[in-house]
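**Student:** Please find one structure pasted underneath; my questions will follow.
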Amino acid sequence: MTEETQIIKKCINGDVESFNYLVSKYQSQLLRMAYRFLNNWDDAKDATQDTFVKAYFSLKTFRQNHRFSTWLYSILINVCLDKLKSPYYRRKTSLNISTEANTIDNALEQLAEGELLQKAIAQLPLKRRRVFILVELESLSTGEIAEILGCSESTVRVTLMKAREQLRKIYLELNKL
C-alpha cells in the first residue's frame with residue numbers, strides 16, 4: 001500500500017490534516033492547469049478550490065486502483081468546463097478576447113508574455129482545448145488523458161491533431177496584428 005493510499009484512507013476516516021497534505025501536494029499543479037483552461041488567475045484559484053472541495057466530499061468514490069492525480073485532474077477539468085459553459089463566463093471572456101492588440105508593439109509584447117498563445121487556446125472548442133492543454137502544457141500521456149476523459153487513446157490523438165490544426169489557424173490570425 002502506497003503512502004498516498006494510506007493518506008487517502010485517513011481522509012476517508014475524517015482526518016482533515018491528511019487531506020491538507022494532499023492539497024499542498026497537488027495545489028500548484030491544479031492551479032496551473034486551471035489557469036490554462038480559464039485564462040484568469042482568480043477564476044483558476046476558485047476552480048482549484050472547488051476541485052478540492054468536491055474531491056474531499058467524493059473521496060469515498062475514489063477507486064484506489066487508479067492514480068489519485070488522474071482523479072483530481074478529471075474533477076478539475078469538469079469544474080473548469082462548467083465555468084466555461086456558464087453564461088457569465090462566456091460574456092466575460094468574449095470581452096477579453098475582443099480587446100486585442102492594435103499595434104505591432106502590443107502584439108509582440110503579448111507574444112513575449114504568452115498572452116497571444118493563451119488567447120488562441122481560449123478560442124479552441126472545449127473538447128479540443130482540454131486535450132491540447134493536457135498533452136502540450138501538462139505533458140500527460142495519451143493513456144492518462146484517455147483515462148481522465150473516459151475515451152480511447154485514438155480519440156485523444158485525433159482530437160489533439162484537430163486541436164493543433166485549428167490552433168495554428170487561430171494563432172496565425174491573431175498574430176497578423
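The way I read the labels, and the way they are meant: chains A, B, ... in the order of the C-alpha cells, residue 1 as the first residue of every chain, and ligand 1 as the first ligand shown, with later ones counted on from there.
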Identify, on the basis of only C-alpha atoms, every residue whose closest approach to Thr159 (chain A) does not exceed 12 Å; exclude the query and any residue fewer than 3 positions from it along the same chain; express the result as number ranges by chain.

**Tutor:** A: 124-135, 142, 145-146, 149, 151-156, 162-167

**Student:** As a ChimeraX atom specification, please: all residues of chain A that backbone DSSP puts in helix (DSSP H, G or I).

**Tutor:** /A:3-12,16-38,41-61,68-85,87-98,104-113,115-122,126-137,142-149,153-175

**Student:** So how many Å separate CA of Leu59 (chain A) and CA of Val23 (chain A), to one decimal?

**Tutor:**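 Interatomic distance, CA of Leu59 (chain A) to CA of Val23 (chain A): 13.1 Å.
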
**Student:** Name all residues at most 8 Å from Ala44 (chain A) (count only C-alpha atoms; drop same-chain ones fewer than 6 positions away) and give them as a list in words.

**Tutor:**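 Contacts, in chain order: Leu31, Arg32, Ala34, Tyr35 and Leu38 of chain A.
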
**Student:** Need to verify the contact set: Lys45 (chain A), 12 Å, only C-alpha atoms, exclusion of same-chain residues closer than 3 positions in sequence. Can you return it as a VMD selection string?

**Tutor:** chain A and resid 27 to 42 48 to 52 76 79 to 80

**Student:** So that I can check the surroundings of Tyr56 (chain A), please list as a list of chain:residue names every protein, DNA and RNA residue that reaches within 10 Å of it, counting only C-alpha atoms and ignoring chain neighbours fewer than 6 positions away.

**Tutor:**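 So, after excluding close chain neighbours, the residues are A:Ile8, A:Cys11, A:Ile12, A:Gly14, A:Val16, A:Phe19, A:Val23, A:Asp50.
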
**Student:** Atoms to include: N, CA and C atoms. Write the selected residues as a PDB file, in the first residue's frame.

**Tutor:**
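Saved to part.pdb:
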```pdb
ATOM      1  N   ILE A   8      -5.109   8.738   1.855  1.00  0.00           N
ATOM      2  CA  ILE A   8      -6.497   8.805   1.383  1.00  0.00           C
ATOM      3  C   ILE A   8      -7.420   8.054   2.345  1.00  0.00           C
ATOM      4  N   CYS A  11      -8.059  10.206   5.217  1.00  0.00           N
ATOM      5  CA  CYS A  11      -9.005  11.274   4.851  1.00  0.00           C
ATOM      6  C   CYS A  11     -10.439  10.758   4.888  1.00  0.00           C
ATOM      7  N   ILE A  12     -10.639   9.572   4.346  1.00  0.00           N
ATOM      8  CA  ILE A  12     -11.981   8.978   4.333  1.00  0.00           C
ATOM      9  C   ILE A  12     -12.495   8.794   5.760  1.00  0.00           C
ATOM     10  N   GLY A  14     -11.934  10.793   8.107  1.00  0.00           N
ATOM     11  CA  GLY A  14     -12.157  12.097   8.726  1.00  0.00           C
ATOM     12  C   GLY A  14     -10.924  12.853   9.151  1.00  0.00           C
ATOM     13  N   VAL A  16      -8.626  15.473   8.640  1.00  0.00           N
ATOM     14  CA  VAL A  16      -8.519  16.669   7.808  1.00  0.00           C
ATOM     15  C   VAL A  16      -7.060  17.015   7.515  1.00  0.00           C
ATOM     16  N   PHE A  19      -5.818  15.365   4.493  1.00  0.00           N
ATOM     17  CA  PHE A  19      -6.296  15.988   3.259  1.00  0.00           C
ATOM     18  C   PHE A  19      -5.503  17.267   2.969  1.00  0.00           C
ATOM     19  N   VAL A  23      -3.742  18.492  -0.503  1.00  0.00           N
ATOM     20  CA  VAL A  23      -3.940  19.825  -1.077  1.00  0.00           C
ATOM     21  C   VAL A  23      -2.590  20.469  -1.361  1.00  0.00           C
ATOM     22  N   ASP A  50     -12.712  24.702  -5.671  1.00  0.00           N
ATOM     23  CA  ASP A  50     -13.907  23.888  -5.908  1.00  0.00           C
ATOM     24  C   ASP A  50     -13.536  22.422  -6.136  1.00  0.00           C
TER      25      ASP A  50
END
```

**Student:** Pick the closest to Ile121 (chain A) from A:Leu22, A:Leu72, A:Ala47, A:Leu137: which is it, counting only C-alpha atoms?

**Tutor:** A:Leu137

**Student:** Can you list, as a ChimeraX atom specification, every protein, DNA or RNA residue that comes within 9 Å of Trp71 (chain A) when you count only C-alpha atoms, leaving out same-chain residues fewer than 5 positions away?

**Tutor:** /A:55,62-63,66,76,147-148

**Student:** With C-alpha atoms retained, export the selected residues as an mmCIF file, in the first residue's frame.

**Tutor:**
```cif
data_model
loop_
_atom_site.group_PDB
_atom_site.id
_atom_site.type_symbol
_atom_site.label_atom_id
_atom_site.label_comp_id
_atom_site.auth_asym_id
_atom_site.auth_seq_id
_atom_site.Cartn_x
_atom_site.Cartn_y
_atom_site.Cartn_z
ATOM 1 C CA ALA A 55 -12.691 15.740 -4.071
ATOM 2 C CA PHE A 62 -12.258 7.186 -5.436
ATOM 3 C CA ARG A 63 -11.162 3.830 -6.848
ATOM 4 C CA HIS A 66 -6.383 4.448 -10.186
ATOM 5 C CA LEU A 76 -10.722 19.926 -12.185
ATOM 6 C CA GLU A 147 -8.473 7.629 -18.506
ATOM 7 C CA ILE A 148 -9.251 11.158 -17.292
#
```
